[in-house]
$ cat query-v5.cif   # mmCIF, C-alpha atoms and all ligand atoms
data_query
#
loop_
_atom_site.label_atom_id
_atom_site.label_comp_id
_atom_site.auth_asym_id
_atom_site.auth_seq_id
_atom_site.Cartn_x
_atom_site.Cartn_y
_atom_site.Cartn_z
CA MET Q 1 110.18 134.04 132.99
CA SER Q 2 109.03 133.77 129.39
CA ASP Q 3 112.16 131.67 128.66
CA LEU Q 4 111.23 129.37 131.47
CA SER Q 5 107.68 129.00 130.19
CA LYS Q 6 109.12 128.27 126.74
CA MET Q 7 111.33 125.61 128.33
CA THR Q 8 108.28 124.07 129.96
CA ASP Q 9 106.42 124.06 126.66
CA TRP Q 10 109.41 122.48 125.01
CA ASP Q 11 109.51 119.73 127.63
CA LYS Q 12 105.83 119.20 127.22
CA LEU Q 13 106.20 118.96 123.48
CA GLN Q 14 109.05 116.46 123.84
CA GLY Q 15 106.89 114.46 126.19
CA MET Q 16 104.05 114.48 123.70
CA LEU Q 17 106.34 113.39 120.90
CA LYS Q 18 107.66 110.56 123.04
CA ALA Q 19 104.15 109.54 123.99
CA SER Q 20 103.02 109.54 120.39
CA ALA Q 21 106.12 107.57 119.38
CA SER Q 22 105.37 104.88 121.93
CA GLU Q 23 101.75 105.02 120.88
CA SER Q 24 102.69 104.26 117.27
CA GLN Q 25 104.81 101.32 118.51
CA ARG Q 26 101.52 99.61 119.12
CA PHE Q 27 100.81 99.68 115.41
CA THR Q 28 104.06 98.13 114.23
CA ILE Q 29 103.95 94.77 112.62
CA ASP Q 30 106.84 92.57 111.55
CA GLU Q 31 106.07 91.68 107.95
CA ALA Q 32 108.69 88.91 107.82
CA LYS Q 33 107.18 87.24 110.89
CA LEU Q 34 103.70 87.54 109.42
CA VAL Q 35 104.87 85.96 106.14
CA ALA Q 36 106.66 83.15 108.01
CA HIS Q 37 103.56 82.41 110.07
CA LEU Q 38 101.24 82.39 107.06
CA ARG Q 39 103.63 80.21 105.04
CA SER Q 40 103.91 77.74 107.89
CA ARG Q 41 100.16 77.12 107.69
CA VAL Q 42 99.29 77.68 104.03
CA LYS Q 43 101.22 75.85 101.32
CA GLY Q 44 101.56 76.60 97.62
CA GLN Q 45 100.22 80.16 97.74
CA ASP Q 46 103.45 82.07 98.47
CA GLU Q 47 102.84 84.98 96.08
CA ILE Q 48 99.45 85.64 97.62
CA ILE Q 49 100.88 85.42 101.13
CA ASP Q 50 103.70 87.87 100.40
CA ASP Q 51 101.32 90.39 98.91
CA VAL Q 52 98.68 90.04 101.64
CA ALA Q 53 101.33 90.53 104.32
CA ARG Q 54 102.61 93.69 102.67
CA LEU Q 55 99.11 95.09 102.28
CA ILE Q 56 98.21 94.33 105.90
CA ARG Q 57 101.42 95.90 107.23
CA LEU Q 58 100.96 99.11 105.26
CA SER Q 59 97.40 99.54 106.43
CA TRP Q 60 98.04 98.31 109.99
CA MET Q 61 100.70 100.98 110.54
CA LYS Q 62 98.19 103.80 110.05
CA ASP Q 63 97.24 105.54 113.28
CA LYS Q 64 93.72 106.14 112.08
CA ARG Q 65 91.57 104.41 109.57
CA THR Q 66 88.10 105.16 108.29
CA ARG Q 67 87.76 101.75 106.65
CA PRO Q 68 88.69 98.19 107.65
CA VAL Q 69 92.40 97.27 107.77
CA CYS Q 70 91.73 95.72 104.37
CA ASN Q 71 88.95 94.24 102.31
CA LEU Q 72 90.11 91.14 100.48
CA LEU Q 73 88.47 88.82 98.00
CA PHE Q 74 89.83 85.26 97.81
CA LEU Q 75 88.83 83.38 94.66
CA GLY Q 76 89.82 79.93 93.47
CA PRO Q 77 88.98 76.24 93.53
CA THR Q 78 87.65 74.49 96.62
CA GLY Q 79 90.20 73.21 99.16
CA THR Q 80 93.10 75.43 98.12
CA GLY Q 81 93.60 77.31 101.40
CA LYS Q 82 91.29 80.33 101.24
CA THR Q 83 89.67 79.76 104.62
CA GLU Q 84 92.93 78.44 106.04
CA LEU Q 85 94.69 81.69 105.11
CA ALA Q 86 91.91 83.75 106.73
CA LYS Q 87 92.36 81.72 109.94
CA ALA Q 88 96.13 82.08 109.83
CA ILE Q 89 95.89 85.86 109.38
CA CYS Q 90 93.53 86.04 112.33
CA GLU Q 91 95.77 83.91 114.54
CA HIS Q 92 98.80 86.07 113.84
CA LEU Q 93 97.21 89.52 113.97
CA PHE Q 94 94.81 89.01 116.84
CA GLY Q 95 96.56 86.22 118.73
CA ASP Q 96 93.72 83.76 118.38
CA GLU Q 97 91.98 81.97 115.53
CA GLN Q 98 88.79 82.24 117.60
CA ALA Q 99 88.65 85.96 116.83
CA LEU Q 100 87.53 84.95 113.34
CA LEU Q 101 83.87 85.61 112.69
CA ARG Q 102 82.58 83.50 109.81
CA PHE Q 103 79.37 83.76 107.83
CA ASP Q 104 78.20 81.31 105.23
CA CYS Q 105 76.51 83.56 102.70
CA SER Q 106 74.35 80.73 101.38
CA GLU Q 107 72.53 81.20 104.71
CA LEU Q 108 72.11 84.90 103.96
CA ALA Q 109 70.14 84.41 100.76
CA SER Q 110 66.84 85.72 102.13
CA PRO Q 111 66.74 89.52 102.51
CA GLU Q 112 64.88 89.82 105.82
CA MET Q 113 66.35 86.80 107.60
CA GLY Q 114 69.83 87.64 106.42
CA LYS Q 115 69.67 91.23 107.53
CA THR Q 116 68.20 90.26 110.90
CA ARG Q 117 70.88 87.68 111.41
CA LEU Q 118 73.67 90.17 110.82
CA THR Q 119 72.26 93.30 112.44
CA GLY Q 120 69.46 92.03 114.72
CA SER Q 121 65.69 92.64 114.78
CA SER Q 122 64.23 96.13 114.82
CA SER Q 123 63.36 97.36 118.30
CA GLY Q 124 60.00 96.14 119.51
CA TYR Q 125 60.32 92.90 117.56
CA VAL Q 126 60.98 89.51 119.13
CA GLY Q 127 64.67 88.98 119.86
CA SER Q 128 65.67 92.60 119.25
CA GLU Q 129 67.55 92.66 122.56
CA GLN Q 130 69.80 89.83 121.36
CA GLY Q 131 71.26 92.00 118.61
CA GLY Q 132 72.93 90.84 115.42
CA GLN Q 133 75.36 87.98 114.99
CA LEU Q 134 77.72 90.35 113.20
CA THR Q 135 77.23 93.49 115.29
CA ARG Q 136 77.26 91.97 118.81
CA PRO Q 137 80.61 90.19 118.55
CA MET Q 138 82.05 93.36 116.99
CA PHE Q 139 80.86 95.42 119.99
CA ALA Q 140 82.55 92.92 122.29
CA ASN Q 141 85.80 92.82 120.30
CA PRO Q 142 86.37 94.89 117.15
CA LYS Q 143 89.76 93.24 116.47
CA ARG Q 144 88.73 90.43 114.21
CA VAL Q 145 88.91 88.80 110.83
CA VAL Q 146 85.38 88.76 109.43
CA LEU Q 147 84.95 86.08 106.79
CA PHE Q 148 82.07 85.90 104.33
CA ASP Q 149 82.20 82.54 102.56
CA GLU Q 150 80.50 81.98 99.20
CA ILE Q 151 79.89 85.69 98.89
CA GLU Q 152 78.15 85.34 95.52
CA LYS Q 153 75.21 83.62 97.29
CA ALA Q 154 74.37 86.60 99.52
CA HIS Q 155 71.17 88.50 98.77
CA PRO Q 156 71.61 92.03 97.31
CA VAL Q 157 70.34 93.47 100.62
CA ILE Q 158 73.27 91.77 102.35
CA PHE Q 159 75.61 93.18 99.71
CA ASP Q 160 74.38 96.64 100.69
CA LEU Q 161 75.33 95.98 104.32
CA LEU Q 162 78.73 94.69 103.23
CA LEU Q 163 79.32 97.74 101.10
CA GLN Q 164 78.73 99.85 104.21
CA VAL Q 165 81.12 97.75 106.27
CA MET Q 166 83.80 97.84 103.58
CA GLY Q 167 83.32 101.47 102.58
CA GLU Q 168 82.77 103.23 105.90
CA GLY Q 169 83.97 100.66 108.41
CA ARG Q 170 80.68 100.96 110.29
CA LEU Q 171 77.39 99.14 110.63
CA THR Q 172 74.38 100.03 112.78
CA GLU Q 173 72.51 97.40 114.75
CA GLN Q 174 68.79 97.54 114.04
CA GLY Q 175 67.39 97.15 117.58
CA SER Q 176 69.84 99.11 119.71
CA GLY Q 177 70.84 101.70 117.09
CA LYS Q 178 74.46 101.23 118.24
CA THR Q 179 77.17 101.31 115.61
CA ALA Q 180 79.73 98.55 115.24
CA ASP Q 181 83.27 99.60 114.31
CA PHE Q 182 85.14 97.65 111.63
CA THR Q 183 88.19 99.89 111.31
CA GLN Q 184 90.34 97.39 113.25
CA ALA Q 185 89.04 94.38 111.36
CA VAL Q 186 90.21 92.54 108.27
CA ILE Q 187 87.30 91.71 105.95
CA ILE Q 188 87.71 88.66 103.75
CA MET Q 189 85.21 87.37 101.21
CA THR Q 190 85.66 84.04 99.46
CA SER Q 191 84.16 82.44 96.42
CA ASN Q 192 84.91 79.30 94.46
CA SER Q 193 82.35 79.96 91.78
CA LEU Q 194 83.71 80.16 88.24
CA ALA Q 195 87.01 78.78 89.53
CA ASP Q 196 87.65 76.74 86.37
CA SER Q 197 86.89 79.49 83.88
CA MET Q 198 88.79 81.97 86.00
CA GLY Q 199 91.87 79.78 86.02
CA LYS Q 200 91.69 79.60 82.23
CA ALA Q 201 91.03 83.32 81.81
CA VAL Q 202 94.19 84.28 83.69
CA GLN Q 203 96.41 81.53 82.32
CA GLY Q 204 99.70 82.97 81.13
CA LEU Q 205 99.00 86.41 82.57
CA THR Q 206 101.56 87.62 85.07
CA ASP Q 207 100.91 91.26 85.84
CA TYR Q 208 98.26 92.13 88.37
CA PRO Q 209 96.29 94.75 86.38
CA ARG Q 210 95.79 92.36 83.46
CA ILE Q 211 94.81 89.51 85.79
CA MET Q 212 92.33 91.81 87.52
CA ASN Q 213 90.89 92.90 84.20
CA ALA Q 214 90.37 89.32 83.10
CA ILE Q 215 88.70 88.46 86.42
CA LYS Q 216 86.51 91.55 86.42
CA THR Q 217 85.38 90.91 82.85
CA LEU Q 218 84.48 87.33 83.71
CA LEU Q 219 82.61 88.31 86.88
CA ALA Q 220 80.75 91.08 85.09
CA GLU Q 221 79.78 88.86 82.14
CA SER Q 222 78.58 86.07 84.40
CA GLY Q 223 76.64 88.49 86.61
CA THR Q 224 78.10 86.77 89.70
CA PHE Q 225 78.94 89.88 91.70
CA ARG Q 226 77.70 93.40 91.87
CA PRO Q 227 80.48 95.56 90.41
CA GLU Q 228 80.43 97.84 93.49
CA ILE Q 229 81.78 94.97 95.57
CA LEU Q 230 84.89 94.81 93.44
CA GLY Q 231 85.14 98.59 93.71
CA ARG Q 232 85.42 98.37 97.52
CA VAL Q 233 87.83 95.45 97.55
CA ASP Q 234 91.47 96.40 98.10
CA LYS Q 235 92.80 93.32 96.40
CA VAL Q 236 91.54 90.18 94.69
CA TYR Q 237 93.58 86.98 94.96
CA LEU Q 238 93.17 83.94 92.80
CA PHE Q 239 94.27 80.80 94.66
CA LYS Q 240 96.06 78.17 92.59
CA PRO Q 241 95.14 74.48 92.51
CA LEU Q 242 97.56 72.52 94.71
CA SER Q 243 100.16 70.19 93.26
CA GLY Q 244 100.73 66.66 94.57
CA MET Q 245 103.89 67.79 96.36
CA GLN Q 246 102.05 70.57 98.11
CA VAL Q 247 99.31 68.20 99.27
CA ALA Q 248 102.06 65.89 100.55
CA GLU Q 249 103.52 68.79 102.50
CA ILE Q 250 100.08 69.60 103.93
CA SER Q 251 99.72 65.96 105.00
CA LEU Q 252 102.96 66.17 106.95
CA LEU Q 253 101.79 69.39 108.53
CA LYS Q 254 98.52 67.80 109.54
CA ILE Q 255 100.19 64.71 111.07
CA SER Q 256 102.50 66.96 113.05
CA LYS Q 257 99.59 69.14 114.20
CA LEU Q 258 97.60 66.07 115.21
CA GLY Q 259 100.53 64.85 117.30
CA GLN Q 260 100.84 68.23 119.00
CA GLU Q 261 97.21 67.97 120.02
CA TYR Q 262 98.27 64.90 122.04
CA GLY Q 263 101.45 66.58 123.25
CA VAL Q 264 103.67 64.41 121.03
CA GLU Q 265 106.15 65.75 118.45
CA THR Q 266 106.63 63.99 115.11
CA HIS Q 267 110.26 63.59 114.02
CA PHE Q 268 109.85 61.73 110.77
CA VAL Q 269 107.20 60.25 108.49
CA ALA Q 270 108.29 57.85 105.73
CA PRO Q 271 107.37 59.23 102.29
CA GLU Q 272 105.62 55.91 101.43
CA LEU Q 273 103.17 56.55 104.26
CA ILE Q 274 102.35 60.00 102.92
CA ILE Q 275 101.75 58.54 99.46
CA GLN Q 276 99.41 55.94 100.99
CA ALA Q 277 97.39 58.67 102.69
CA LEU Q 278 97.19 60.70 99.48
CA GLU Q 279 96.02 57.65 97.54
CA ALA Q 280 93.35 56.95 100.15
CA ASN Q 281 92.29 60.57 99.94
CA ILE Q 282 91.96 60.45 96.15
CA ARG Q 283 89.87 57.28 96.46
CA VAL Q 284 87.32 58.92 98.78
CA SER Q 285 87.32 62.47 97.47
CA LYS Q 286 88.32 63.09 93.91
CA PHE Q 287 88.05 66.82 94.37
CA GLY Q 288 90.56 68.14 96.84
CA ILE Q 289 91.85 67.47 100.28
CA ARG Q 290 88.89 67.85 102.57
CA GLU Q 291 88.89 64.19 103.63
CA LEU Q 292 92.60 64.16 104.31
CA GLU Q 293 92.27 65.26 107.92
CA ARG Q 294 89.84 62.44 108.72
CA ILE Q 295 92.02 59.86 106.94
CA LEU Q 296 95.12 60.98 108.84
CA PHE Q 297 93.21 60.96 112.12
CA ASP Q 298 92.01 57.38 111.46
CA ARG Q 299 95.53 56.24 110.69
CA TYR Q 300 97.65 58.12 113.21
CA ALA Q 301 95.65 59.20 116.27
CA SER Q 302 95.94 55.85 118.08
CA TYR Q 303 99.75 55.90 117.78
CA PHE Q 304 99.86 59.32 119.40
CA VAL Q 305 97.56 58.15 122.20
CA GLU Q 306 99.80 55.13 122.86
CA ALA Q 307 102.93 57.28 122.69
CA ARG Q 308 101.55 59.65 125.27
CA ALA Q 309 100.48 56.78 127.53
CA ALA Q 310 104.08 55.51 127.32
CA ASN Q 311 105.40 58.98 128.23
CA ALA Q 312 107.12 59.41 124.87
CA LYS Q 313 107.75 62.99 123.82
CA SER Q 314 108.21 62.29 120.13
CA VAL Q 315 107.69 59.61 117.52
CA SER Q 316 108.92 58.60 114.05
CA PHE Q 317 106.70 56.78 111.58
CA GLU Q 318 108.47 54.25 109.41
CA VAL Q 319 107.06 51.72 107.00
CA ALA Q 320 107.20 47.92 107.24
CA ASP Q 321 107.79 45.68 104.20
CA ASP Q 322 104.06 44.94 103.96
CA GLY Q 323 103.34 48.68 103.89
CA THR Q 324 102.01 48.99 107.45
CA ILE Q 325 102.95 51.82 109.78
CA VAL Q 326 105.75 51.25 112.28
CA CYS Q 327 105.69 53.81 115.07
CA LYS Q 328 108.99 54.27 116.92
CA ARG Q 329 108.74 56.18 120.16
CA ASP Q 330 111.49 58.30 121.59
CA PRO Q 331 111.51 58.07 125.36
CA ALA Q 332 111.14 61.24 127.42
CA PRO Q 333 114.58 62.80 128.11
N1 LIG Q 401 97.16 75.68 100.58
C1 LIG Q 401 96.91 74.99 101.69
N2 LIG Q 401 97.81 74.91 102.69
C2 LIG Q 401 97.54 74.22 103.81
N3 LIG Q 401 96.39 73.57 104.06
C3 LIG Q 401 95.47 73.62 103.10
C4 LIG Q 401 95.66 74.34 101.88
N4 LIG Q 401 94.56 74.20 101.13
C5 LIG Q 401 93.71 73.47 101.85
N5 LIG Q 401 94.24 73.09 103.03
C6 LIG Q 401 93.61 72.25 104.05
O1 LIG Q 401 92.44 71.67 103.45
C7 LIG Q 401 91.26 71.94 104.19
C8 LIG Q 401 90.33 72.84 103.37
O2 LIG Q 401 90.98 74.07 103.07
P1 LIG Q 401 90.22 75.46 103.08
O3 LIG Q 401 89.10 75.41 104.06
O4 LIG Q 401 91.20 76.55 103.26
O5 LIG Q 401 89.64 75.45 101.60
P2 LIG Q 401 88.97 76.64 100.79
O6 LIG Q 401 89.94 77.11 99.76
O7 LIG Q 401 88.43 77.65 101.74
O8 LIG Q 401 87.80 75.86 100.03
P3 LIG Q 401 86.25 76.26 99.80
O9 LIG Q 401 86.22 77.18 98.61
O10 LIG Q 401 85.60 74.95 99.52
O11 LIG Q 401 85.76 76.90 101.06
C9 LIG Q 401 91.72 72.58 105.48
O12 LIG Q 401 91.75 71.57 106.43
C10 LIG Q 401 93.12 73.09 105.22
O13 LIG Q 401 93.89 72.88 106.34
MG MG Q 402 86.52 78.10 102.47
#
$ encode --input "query-v5.cif" --output "structure tokens" --more "lines below"
Ligand SMILES: Nc1ncnc2c1ncn2[C@@H]1O[C@H](COP(=O)(O)OP(=O)(O)OP(=O)(O)O)[C@@H](O)[C@H]1O
Ligand SMILES: [Mg+2]
Amino acid sequence: MSDLSKMTDWDKLQGMLKASASESQRFTIDEAKLVAHLRSRVKGQDEIIDDVARLIRLSWMKDKRTRPVCNLLFLGPTGTGKTELAKAICEHLFGDEQALLRFDCSELASPEMGKTRLTGSSSGYVGSEQGGQLTRPMFANPKRVVLFDEIEKAHPVIFDLLLQVMGEGRLTEQGSGKTADFTQAVIIMTSNSLADSMGKAVQGLTDYPRIMNAIKTLLAESGTFRPEILGRVDKVYLFKPLSGMQVAEISLLKISKLGQEYGVETHFVAPELIIQALEANIRVSKFGIRELERILFDRYASYFVEARAANAKSVSFEVADDGTIVCKRDPAP
């Protein structure tokens, strides 16, 4: 009888082990696929991507966390892919870029307004039932990337809230008293302040501790960040300025993405056409690639519209002798 009961216990135990094994399957993540996805969207930042992917996988595989999946700080010049990488991480981890929750910290510069915006009004005050713009979406779906842009502009009161989010993975809404959970979220802060001096400070340095030291010293001396923020951050990444080739690659990516929005694939784009777009971009915006999307839209959208109207599934863009675009449509198979 006792043997039988032992057998039953044994079976039960096996069952539990199996259940917990299948449970942990839910937490697996394919690092190579994550890297491939991030690299397909973000160009010229491969070292950062490889390291971010490793960090996310190691933390993601934990069954339980008492802090966010990771707290990351992206530094570097404007238009180098900081926000783009945050979006790409969100798309891959949570299946949808829309799960990204973004806050512009320049709008969180006033202590009361900023706090109310994130965590709602105290109960009894107007609008308290609406809750906070950070807490409410987290109640609805805690699996998110939460992005705080221009973090250095946030008021110290907001920093205190962020420290709570990053340190304990929790934040209480003022009106309802309910607590939002951040242990399934990735927290990303970005800043492009001091980008030039930071680039110089780390020039020639290759190992991470020395790079971090140089960055920390610079941030501390300039008084940009509270040191506690850096203490809570798992990793700081310094994005590199993009080279001409990388911007060319991004242009191709953007033309192809534009086509896909019309249901048309792009087979080929003549290099001369890419150079033309880059030159036009430099003419309108000396600093970076923000205008590129609009320039490419102006130049290419109508060809995609016409191609779709003609039932073409794909197109190639070649260049005429006078430099104009020649769009060749491939008929539907
Ligand atoms: N490394 C990159 N790879 C692919 N696209 C990029 C890259 N850098 C910038 N872009 C493109 O340029 C535009 C601006 O990039 P993004 O928003 O990521 O800049 P940022 O680094 O966040 O700049 P800021 O500090 O001004 O916020 C986006 O449309 C993005 O697609
Ligand atoms: Mg940005």
$ atom_distance --input "query-v5.cif" --atom1 "atom CA of Q:Glu279" --atom2 "atom CA of Q:Ala301"
18.8 Å
$ residues_near_ligand --input "query-v5.cif" --ligand "ligand MG 402 (chain Q)" --cutoff "7 Å" --atoms "all atoms listed in the file" --output "PyMOL selection string"
chain Q and resi 78-79+82-83+149+190
$ write_last_selection --input "query-v5.cif" --atoms "C-alpha atoms" --output "mmCIF file, in the coordinates of the input"
data_model
loop_
_atom_site.group_PDB
_atom_site.id
_atom_site.type_symbol
_atom_site.label_atom_id
_atom_site.label_comp_id
_atom_site.auth_asym_id
_atom_site.auth_seq_id
_atom_site.Cartn_x
_atom_site.Cartn_y
_atom_site.Cartn_z
ATOM 1 C CA THR Q 78 87.650 74.490 96.620
ATOM 2 C CA GLY Q 79 90.200 73.210 99.160
ATOM 3 C CA LYS Q 82 91.290 80.330 101.240
ATOM 4 C CA THR Q 83 89.670 79.760 104.620
ATOM 5 C CA ASP Q 149 82.200 82.540 102.560
ATOM 6 C CA THR Q 190 85.660 84.040 99.460
#
$ residues_near_ligand --input "query-v5.cif" --ligand "ligand LIG 401 (chain Q)" --cutoff "10 Å" --atoms "all atoms listed in the file" --output "ChimeraX atom specification"
/Q:38-46,74-88,104,149-150,190-193,195,239-243,246-247,249-251,253-254,287-294
$ closest_residue --input "query-v5.cif" --among "Q:Leu171, Q:Ile275, Q:Met198, Q:Leu72" --to "Q:Thr135" --atoms "all atoms listed in the file"
Q:Leu171
$ atom_distance --input "query-v5.cif" --atom1 "atom CA of Q:Asn213" --atom2 "atom CA of Q:Tyr237"
12.6 Å
$ residues_around --input "query-v5.cif" --residues "Q:Val315" --least-positions-apart "2" --cutoff "9 Å" --atoms "all atoms listed in the file" --output "ChimeraX atom specification"
/Q:259,264-268,303-304,307,312-313,317,327-331
$ write_last_selection --input "query-v5.cif" --atoms "C-alpha atoms" --output "short mmCIF file (atom, residue, chain, number, x, y, z; two decimals), in the coordinates of the input"
data_model
loop_
_atom_site.label_atom_id
_atom_site.label_comp_id
_atom_site.auth_asym_id
_atom_site.auth_seq_id
_atom_site.Cartn_x
_atom_site.Cartn_y
_atom_site.Cartn_z
CA GLY Q 259 100.53 64.85 117.30
CA VAL Q 264 103.67 64.41 121.03
CA GLU Q 265 106.15 65.75 118.45
CA THR Q 266 106.63 63.99 115.11
CA HIS Q 267 110.26 63.59 114.02
CA PHE Q 268 109.85 61.73 110.77
CA TYR Q 303 99.75 55.90 117.78
CA PHE Q 304 99.86 59.32 119.40
CA ALA Q 307 102.93 57.28 122.69
CA ALA Q 312 107.12 59.41 124.87
CA LYS Q 313 107.75 62.99 123.82
CA PHE Q 317 106.70 56.78 111.58
CA CYS Q 327 105.69 53.81 115.07
CA LYS Q 328 108.99 54.27 116.92
CA ARG Q 329 108.74 56.18 120.16
CA ASP Q 330 111.49 58.30 121.59
CA PRO Q 331 111.51 58.07 125.36
#
$ closest_residue --input "query-v5.cif" --among "Q:Arg170, Q:Lys235, Q:Lys178, Q:Arg144" --to "Q:Arg102" --atoms "all atoms listed in the file"
Q:Arg144
$ residues_around --input "query-v5.cif" --residues "Q:Ser222" --least-positions-apart "6" --cutoff "12 Å" --atoms "all atoms listed in the file" --output "PyMOL selection string"
chain Q and resi 152+193-194+197-198+215-216
$ atom_distance --input "query-v5.cif" --atom1 "atom CA of Q:Leu230" --atom2 "atom CA of Q:Gln98"
27.5 Å
$ closest_residue --input "query-v5.cif" --among "Q:Lys143, Q:Arg283, Q:Arg136, Q:Lys62" --to "Q:Phe94" --atoms "only C-alpha atoms"
Q:Lys143
$ residues_around --input "query-v5.cif" --residues "Q:Val145" --least-positions-apart "4" --cutoff "9 Å" --atoms "all atoms listed in the file" --output "list in words"
Ala86, Lys87, Ile89, Cys90, Leu93, Phe94, Glu97, Ala99, Leu100, Leu101, Arg102, Ala185, Val186, Ile187 and Ile188 of chain Q
$ decode --input "query-v5.cif" --residues "stretch 114-135 of chain Q" --atoms "C-alpha atoms" --output "compact mmCIF listing (two decimals), in the first residue's frame"
# COMPACT_ATOMS: atom_id res chain seq x y z
CA GLY Q 114 4.49 65.16 -14.88
CA LYS Q 115 3.61 62.98 -11.94
CA THR Q 116 -0.11 63.30 -12.66
CA ARG Q 117 0.43 62.41 -16.27
CA LEU Q 118 2.28 59.21 -15.41
CA THR Q 119 0.38 58.03 -12.34
CA GLY Q 120 -2.94 59.94 -12.47
CA SER Q 121 -4.56 62.46 -10.11
CA SER Q 122 -5.04 61.74 -6.43
CA SER Q 123 -8.49 60.41 -5.59
CA GLY Q 124 -11.08 63.14 -5.20
CA TYR Q 125 -9.35 65.34 -7.76
CA VAL Q 126 -10.66 66.00 -11.26
CA GLY Q 127 -9.77 63.19 -13.65
CA SER Q 128 -8.61 60.77 -10.95
CA GLU Q 129 -10.81 58.03 -12.43
CA GLN Q 130 -8.91 58.26 -15.73
CA GLY Q 131 -5.70 57.08 -14.09
CA GLY Q 132 -2.16 57.65 -15.32
CA GLN Q 133 -0.89 57.46 -18.87
CA LEU Q 134 1.85 55.12 -17.67
CA THR Q 135 -0.08 53.05 -15.14
